[in-house]
Amino acid sequence: MKVGTFRVDGERKVGVLDEAAGHVRPFALERAAAERGVEALARLAAEGLPLPELGAPVALSDIQLEAPIPRPRRNVFCVGKNYHDHAQEFASSGFDSSAAAGAVPKVPIIFSKVPESVIAAGEAIVMDSSVDASLDYEVELTVIIGKGGRGIKKADALKHVWGYTIVNDVTARDLQGRHSQWLIGKSQDTFCPMGPWAVTADEIDLADTTVKTFVNGEKRQDSNTGLLIFDVPTIIETLSAGITLLPGDVIATGTPAGVGIGFKPPRYMSHGDSVRCEIGGIGALENPIVDRARKADAAD
């Protein structure tokens with residue numbers, strides 16, 4: 001099942017996508033639940049409750065699509081250096097503060113992005129070249145937790161997954177290098193595009209799902225989730241060992257090689273570019289790049 005969060009006549013709804021028919025059918029959720037987006041469905045599943053009834057179809061042309069979870073309740077959990085080829089390219093980039101421990105991590109590297117950085121497909125990623133001139137992209141298969149828990153074992157981990165979406169882990173490499181940590185460079189406003197849709201866990205084959213990125217139509221990343229260093233169950237076991245995971249928690253699982261910092265010289269994004277992240281079975285998350293500093297200059 002492919003679902004989305006959207007607005008119709010200014011009211012937030014959550015509904016099922018019918019791509020062939022070109023419409024969505026909203027669930028009969030209470031307004032407060034709908035405000036949480038797809039998280040509301042994850043919470044119902046965690047409680048063992050049935051999905052609400054579906055309403056009348058609404059044409060895609062009549063909706064404003066939002067991120068599946070427009071504002072996560074907590075920071076988005078992220079995993080660094082989780083594909084072998086990306087671990088190698090990043091370790092040699094000069095921006096990797098963990099490189100002294102080896103290019104390929106021995107345990108998952110976890111960081112986070114603040115909830116306020118989340119934006120929807122089609123919204124602008126707003127950089128500020130006076131602050132973050134080295135803007136990079138990272139396509140990531142992203143887990144949405146259904147059943148929460150602490151001390152979850154690998155063997156049981158997938159029972160705790162409600163579904164998946166796409167996150168573009170946008171990164172200001174200059175800030176990442178300057179501060180020798182990852183949160184500031186990855187949590188700037190608009191630096192977490194998410195969507196366009198979410199799918200239930202049964203829709204994704206973790207052993208064989210394509211992961212790609214295009215910048216201005218040029219393919220930059222092309223990999224497969226089967227090449228993750230630490231698989232989804234390992235990530236969930238690692239996080240939940242000391243952190244209680246909650247329904248609706250979001251976990252971005254890492255990006256493959258082909259990011260801008262991996263080229264020599266680096267190939268960063270800039271004002272007027274467009275970045276498109278594709279994951280098989282979910283769709284394509286596309287966003288334009290806008291430079292706040294250039295907008296300000298134009299206004300003057």
# chains A, B, ... in the order shown; residues from 1 in each chain; ligands from 1
>>> residues_around(residues="range 194-202 of chain A", least_positions_apart="5", cutoff="9 Å", atoms="only C-alpha atoms", output="VMD selection string")
chain A and resid 1 to 5 17 38 65 to 70 118 to 122 142 to 144 158 161 to 168 281 to 286
>>> residues_around(residues="Asn287 in chain A", least_positions_apart="3", cutoff="12 Å", atoms="only C-alpha atoms", output="PyMOL selection string")
chain A and resi 119-126+137+167-168+170+190-196+213-216+269+271-278+284+290
>>> atom_distance(atom1="CA of Lys147 in chain A", atom2="CA of Lys81 in chain A")
26.5 Å
>>> closest_residue(among="A:Gly248, A:Pro52, A:Gly146, A:Pro105", to="Pro26 in chain A", atoms="only C-alpha atoms")
A:Pro52
>>> residues_around(residues="Trp182 in chain A", least_positions_apart="6", cutoff="8 Å", atoms="only C-alpha atoms", output="list in words")
Phe111, Ser112 and Gln176 of chain A
>>> residues_around(residues="Arg150 in chain A", least_positions_apart="6", cutoff="10 Å", atoms="only C-alpha atoms", output="ChimeraX atom specification")
/A:236-237,239-246
>>> residues_around(residues="Pro115 in chain A", least_positions_apart="4", cutoff="8 Å", atoms="only C-alpha atoms", output="CSV table (one decimal) with N, CA, C and O atoms, in the first residue's frame")
chain,number,residue,atom,x,y,z
A,71,ARG,N,6.2,16.7,10.3
A,71,ARG,CA,7.1,17.1,11.5
A,71,ARG,C,7.2,15.9,12.4
A,71,ARG,O,6.4,15.7,13.3
A,72,PRO,N,8.3,15.1,12.2
A,72,PRO,CA,8.5,14.0,13.2
A,72,PRO,C,8.5,14.5,14.6
A,72,PRO,O,8.9,15.6,14.9
A,73,ARG,N,8.0,13.7,15.5
A,73,ARG,CA,8.0,14.1,16.9
A,73,ARG,C,9.4,14.2,17.5
A,73,ARG,O,9.6,14.9,18.5
A,74,ARG,N,10.3,13.5,16.9
A,74,ARG,CA,11.7,13.5,17.4
A,74,ARG,C,12.7,13.7,16.2
A,74,ARG,O,12.2,13.7,15.0
A,75,ASN,N,13.9,13.9,16.5
A,75,ASN,CA,14.9,14.0,15.4
A,75,ASN,C,14.9,12.8,14.5
A,75,ASN,O,14.6,11.7,15.0
A,76,VAL,N,15.2,13.0,13.3
A,76,VAL,CA,15.3,11.8,12.3
A,76,VAL,C,16.6,11.1,12.6
A,76,VAL,O,17.7,11.8,12.6
>>> atom_distance(atom1="CA of Cys78 in chain A", atom2="CA of Arg173 in chain A")
16.2 Å
>>> select_by_dssp(residues="range 120-242 of chain A", states="helix (DSSP H, G or I)", output="JSON, numbers by chain")
{"A": [154, 155, 156, 157, 158, 159, 160, 173, 174, 175, 176, 177, 178, 179, 183, 184, 185, 186, 201, 202, 203, 225, 226, 227, 232, 233, 234, 235, 236, 237, 238, 239, 240]}
>>> write_last_selection(atoms="N, CA, C and O atoms", output="CSV table (one decimal), in the first residue's frame")
chain,number,residue,atom,x,y,z
A,154,LYS,N,17.6,-8.4,16.5
A,154,LYS,CA,17.6,-8.4,15.0
A,154,LYS,C,16.5,-9.4,14.5
A,154,LYS,O,15.9,-9.0,13.5
A,155,ALA,N,16.4,-10.5,15.1
A,155,ALA,CA,15.4,-11.5,14.6
A,155,ALA,C,14.0,-11.0,14.6
A,155,ALA,O,13.2,-11.4,13.9
A,156,ASP,N,13.7,-10.0,15.5
A,156,ASP,CA,12.4,-9.5,15.6
A,156,ASP,C,12.2,-8.1,15.0
A,156,ASP,O,11.1,-7.5,15.0
A,157,ALA,N,13.3,-7.5,14.6
A,157,ALA,CA,13.3,-6.1,14.2
A,157,ALA,C,12.3,-5.7,13.1
A,157,ALA,O,11.7,-4.7,13.2
A,158,LEU,N,12.2,-6.5,12.1
A,158,LEU,CA,11.3,-6.1,11.0
A,158,LEU,C,9.8,-6.1,11.4
A,158,LEU,O,9.0,-5.5,10.7
A,159,LYS,N,9.5,-6.8,12.5
A,159,LYS,CA,8.1,-6.7,13.0
A,159,LYS,C,7.8,-5.4,13.5
A,159,LYS,O,6.6,-5.0,13.7
A,160,HIS,N,8.8,-4.5,13.8
A,160,HIS,CA,8.6,-3.2,14.3
A,160,HIS,C,8.6,-2.1,13.2
A,160,HIS,O,8.5,-0.9,13.5
A,173,ARG,N,28.7,20.4,3.4
A,173,ARG,CA,30.0,19.8,3.7
A,173,ARG,C,31.0,20.8,4.4
A,173,ARG,O,31.8,20.3,5.2
A,174,ASP,N,30.9,22.1,4.1
A,174,ASP,CA,31.8,23.0,4.7
A,174,ASP,C,31.5,23.1,6.2
A,174,ASP,O,32.4,23.1,7.1
A,175,LEU,N,30.2,23.1,6.6
A,175,LEU,CA,29.8,23.1,8.0
A,175,LEU,C,30.2,21.8,8.7
A,175,LEU,O,30.6,21.8,9.8
A,176,GLN,N,30.0,20.7,7.9
A,176,GLN,CA,30.3,19.4,8.5
A,176,GLN,C,31.8,19.3,8.8
A,176,GLN,O,32.2,18.8,9.9
A,177,GLY,N,32.7,19.8,7.9
A,177,GLY,CA,34.1,19.8,8.2
A,177,GLY,C,34.5,20.8,9.3
A,177,GLY,O,35.3,20.5,10.1
A,178,ARG,N,33.9,22.0,9.3
A,178,ARG,CA,34.3,23.0,10.2
A,178,ARG,C,34.0,22.6,11.7
A,178,ARG,O,34.7,22.9,12.6
A,179,HIS,N,32.8,21.9,11.9
A,179,HIS,CA,32.4,21.6,13.2
A,179,HIS,C,32.8,20.2,13.7
A,179,HIS,O,32.6,19.8,14.8
A,183,LEU,N,25.6,17.1,12.9
A,183,LEU,CA,24.3,17.6,13.1
A,183,LEU,C,24.1,19.0,12.4
A,183,LEU,O,23.1,19.2,11.7
A,184,ILE,N,25.0,19.9,12.6
A,184,ILE,CA,24.8,21.3,12.1
A,184,ILE,C,24.8,21.3,10.6
A,184,ILE,O,23.9,21.9,10.0
A,185,GLY,N,25.7,20.6,10.0
A,185,GLY,CA,25.8,20.6,8.5
A,185,GLY,C,24.6,19.8,7.9
A,185,GLY,O,24.4,20.0,6.7
A,186,LYS,N,23.9,19.0,8.6
A,186,LYS,CA,22.8,18.2,8.1
A,186,LYS,C,21.4,18.7,8.6
A,186,LYS,O,20.4,18.1,8.1
A,201,ALA,N,5.6,-1.9,4.7
A,201,ALA,CA,6.8,-2.7,4.7
A,201,ALA,C,6.8,-3.9,3.7
A,201,ALA,O,7.8,-4.2,3.1
A,202,ASP,N,5.6,-4.4,3.4
A,202,ASP,CA,5.5,-5.5,2.5
A,202,ASP,C,5.8,-5.1,1.0
A,202,ASP,O,6.0,-6.0,0.2
A,203,GLU,N,5.9,-3.8,0.8
A,203,GLU,CA,6.1,-3.3,-0.6
A,203,GLU,C,7.6,-3.3,-1.0
A,203,GLU,O,8.0,-3.1,-2.1
A,225,THR,N,19.8,-1.6,-2.1
A,225,THR,CA,19.8,-1.7,-0.6
A,225,THR,C,20.4,-3.0,-0.2
A,225,THR,O,20.8,-3.2,1.0
A,226,GLY,N,20.6,-4.0,-1.1
A,226,GLY,CA,21.2,-5.2,-0.7
A,226,GLY,C,22.7,-5.0,-0.4
A,226,GLY,O,23.3,-6.0,0.1
A,227,LEU,N,23.3,-3.8,-0.7
A,227,LEU,CA,24.7,-3.6,-0.4
A,227,LEU,C,24.9,-2.8,0.9
A,227,LEU,O,26.1,-2.4,1.1
A,232,VAL,N,18.8,-3.3,8.0
A,232,VAL,CA,17.8,-2.6,8.8
A,232,VAL,C,17.6,-3.3,10.1
A,232,VAL,O,17.6,-2.6,11.2
A,233,PRO,N,17.6,-4.6,10.2
A,233,PRO,CA,17.5,-5.2,11.6
A,233,PRO,C,18.6,-4.8,12.5
A,233,PRO,O,18.4,-4.6,13.7
A,234,THR,N,19.9,-4.8,11.9
A,234,THR,CA,21.0,-4.4,12.7
A,234,THR,C,20.9,-3.0,13.2
A,234,THR,O,21.2,-2.7,14.4
A,235,ILE,N,20.4,-2.1,12.4
A,235,ILE,CA,20.3,-0.7,12.8
A,235,ILE,C,19.2,-0.5,13.9
A,235,ILE,O,19.5,0.2,14.9
A,236,ILE,N,18.1,-1.2,13.7
A,236,ILE,CA,17.1,-1.2,14.8
A,236,ILE,C,17.6,-1.8,16.1
A,236,ILE,O,17.3,-1.2,17.2
A,237,GLU,N,18.3,-2.9,16.0
A,237,GLU,CA,18.8,-3.5,17.3
A,237,GLU,C,19.8,-2.5,17.9
A,237,GLU,O,19.8,-2.3,19.2
A,238,THR,N,20.6,-1.8,17.1
A,238,THR,CA,21.6,-0.9,17.7
A,238,THR,C,21.0,0.3,18.3
A,238,THR,O,21.3,0.7,19.5
A,239,LEU,N,20.0,0.9,17.7
A,239,LEU,CA,19.3,2.1,18.2
A,239,LEU,C,18.5,1.7,19.5
A,239,LEU,O,18.6,2.4,20.5
A,240,SER,N,17.8,0.6,19.4
A,240,SER,CA,16.9,0.3,20.5
A,240,SER,C,17.6,-0.3,21.7
A,240,SER,O,17.0,-0.6,22.8
>>> residues_around(residues="Tyr83 in chain A", least_positions_apart="2", cutoff="9 Å", atoms="only C-alpha atoms", output="list in words")
Gly80, Lys81, Asp85, His86, Ala87, Gln88, Val104, Thr225, Leu227, Leu228, Ile229, Phe230, Gly254, Thr255, Pro256 and Ala257 of chain A
>>> write_last_selection(atoms="C-alpha atoms", output="PDB file, in the first residue's frame")
ATOM      1  CA  GLY A  80      26.548   7.305   8.321  1.00  0.00           C
ATOM      2  CA  LYS A  81      28.901   5.443   5.996  1.00  0.00           C
ATOM      3  CA  ASP A  85      31.739   2.249  -1.669  1.00  0.00           C
ATOM      4  CA  HIS A  86      30.513   5.421   0.036  1.00  0.00           C
ATOM      5  CA  ALA A  87      32.518   4.637   3.184  1.00  0.00           C
ATOM      6  CA  GLN A  88      35.656   4.551   1.043  1.00  0.00           C
ATOM      7  CA  VAL A 104      34.489   0.967   6.908  1.00  0.00           C
ATOM      8  CA  THR A 225      19.795  -1.730  -0.634  1.00  0.00           C
ATOM      9  CA  LEU A 227      24.677  -3.570  -0.433  1.00  0.00           C
ATOM     10  CA  LEU A 228      24.093  -1.962   2.965  1.00  0.00           C
ATOM     11  CA  ILE A 229      26.926  -2.642   5.425  1.00  0.00           C
ATOM     12  CA  PHE A 230      24.501  -2.751   8.361  1.00  0.00           C
ATOM     13  CA  GLY A 254      22.610   5.612   4.724  1.00  0.00           C
ATOM     14  CA  THR A 255      23.645   6.579   1.211  1.00  0.00           C
ATOM     15  CA  PRO A 256      25.755   4.867  -1.482  1.00  0.00           C
ATOM     16  CA  ALA A 257      28.714   6.227  -3.438  1.00  0.00           C
TER      17      ALA A 257
END
>>> select_by_dssp(residues="range 194-273 of chain A", states="strand (DSSP E or B)", output="list in words")
Met194, Ala198, Val199, Thr200, Thr210, Val211, Lys212, Thr213, Phe214, Val215, Glu218, Lys219, Arg220, Gln221, Asp222, Ser223, Asn224, Leu228, Leu245, Val250, Ile251, Ala252 and Met269 of chain A
>>> closest_residue(among="A:Gln181, A:Thr253, A:Ser117, A:Gln188", to="Val131 in chain A", atoms="only C-alpha atoms")
A:Gln188
>>> closest_residue(among="A:Val16, A:Ala103, A:Leu44, A:Leu135", to="Ile289 in chain A", atoms="only C-alpha atoms")
A:Leu135
>>> closest_residue(among="A:Gly10, A:Gly260, A:Gly15, A:Pro265", to="Val139 in chain A", atoms="only C-alpha atoms")
A:Gly260
>>> closest_residue(among="A:Glu138, A:Asp169, A:Val250, A:Asp231", to="Gly262 in chain A", atoms="only C-alpha atoms")
A:Glu138
>>> atom_distance(atom1="CA of Glu53 in chain A", atom2="CA of Asp18 in chain A")
15.6 Å
>>> residues_around(residues="Lys13 in chain A", least_positions_apart="6", cutoff="9 Å", atoms="only C-alpha atoms", output="PyMOL selection string")
chain A and resi 4-7+26-29+31+34-35+37
>>> write_last_selection(atoms="N, CA and C atoms", output="PDB file, in the first residue's frame")
ATOM      1  N   GLY A   4       0.086   8.713   1.388  1.00  0.00           N
ATOM      2  CA  GLY A   4       0.701  10.028   1.444  1.00  0.00           C
ATOM      3  C   GLY A   4      -0.035  10.951   2.385  1.00  0.00           C
ATOM      4  N   THR A   5       0.635  12.052   2.701  1.00  0.00           N
ATOM      5  CA  THR A   5       0.055  13.127   3.498  1.00  0.00           C
ATOM      6  C   THR A   5      -0.102  14.330   2.580  1.00  0.00           C
ATOM      7  N   PHE A   6      -1.257  14.969   2.626  1.00  0.00           N
ATOM      8  CA  PHE A   6      -1.526  16.049   1.677  1.00  0.00           C
ATOM      9  C   PHE A   6      -2.563  16.997   2.261  1.00  0.00           C
ATOM     10  N   ARG A   7      -2.720  18.106   1.595  1.00  0.00           N
ATOM     11  CA  ARG A   7      -3.757  19.070   1.987  1.00  0.00           C
ATOM     12  C   ARG A   7      -4.788  19.206   0.873  1.00  0.00           C
ATOM     13  N   PRO A  26      -8.706   9.543   0.918  1.00  0.00           N
ATOM     14  CA  PRO A  26      -8.319   9.857   2.297  1.00  0.00           C
ATOM     15  C   PRO A  26      -8.964   8.928   3.317  1.00  0.00           C
ATOM     16  N   PHE A  27      -8.187   8.625   4.364  1.00  0.00           N
ATOM     17  CA  PHE A  27      -8.726   7.870   5.486  1.00  0.00           C
ATOM     18  C   PHE A  27      -9.600   8.782   6.345  1.00  0.00           C
ATOM     19  N   ALA A  28     -10.605   8.183   6.975  1.00  0.00           N
ATOM     20  CA  ALA A  28     -11.488   8.932   7.866  1.00  0.00           C
ATOM     21  C   ALA A  28     -10.825   9.053   9.247  1.00  0.00           C
ATOM     22  N   LEU A  29      -9.770   9.845   9.298  1.00  0.00           N
ATOM     23  CA  LEU A  29      -9.052  10.084  10.548  1.00  0.00           C
ATOM     24  C   LEU A  29      -9.589  11.331  11.229  1.00  0.00           C
ATOM     25  N   ARG A  31      -9.186  14.877  12.976  1.00  0.00           N
ATOM     26  CA  ARG A  31      -8.313  15.960  12.534  1.00  0.00           C
ATOM     27  C   ARG A  31      -6.956  15.917  13.256  1.00  0.00           C
ATOM     28  N   ALA A  34      -4.821  13.178  11.802  1.00  0.00           N
ATOM     29  CA  ALA A  34      -4.373  13.514  10.447  1.00  0.00           C
ATOM     30  C   ALA A  34      -3.229  14.513  10.465  1.00  0.00           C
ATOM     31  N   GLU A  35      -3.191  15.383  11.463  1.00  0.00           N
ATOM     32  CA  GLU A  35      -2.115  16.373  11.561  1.00  0.00           C
ATOM     33  C   GLU A  35      -0.759  15.709  11.723  1.00  0.00           C
ATOM     34  N   GLY A  37       0.143  13.141  10.058  1.00  0.00           N
ATOM     35  CA  GLY A  37       0.494  12.520   8.797  1.00  0.00           C
ATOM     36  C   GLY A  37       0.500  11.011   8.883  1.00  0.00           C
TER      37      GLY A  37
END
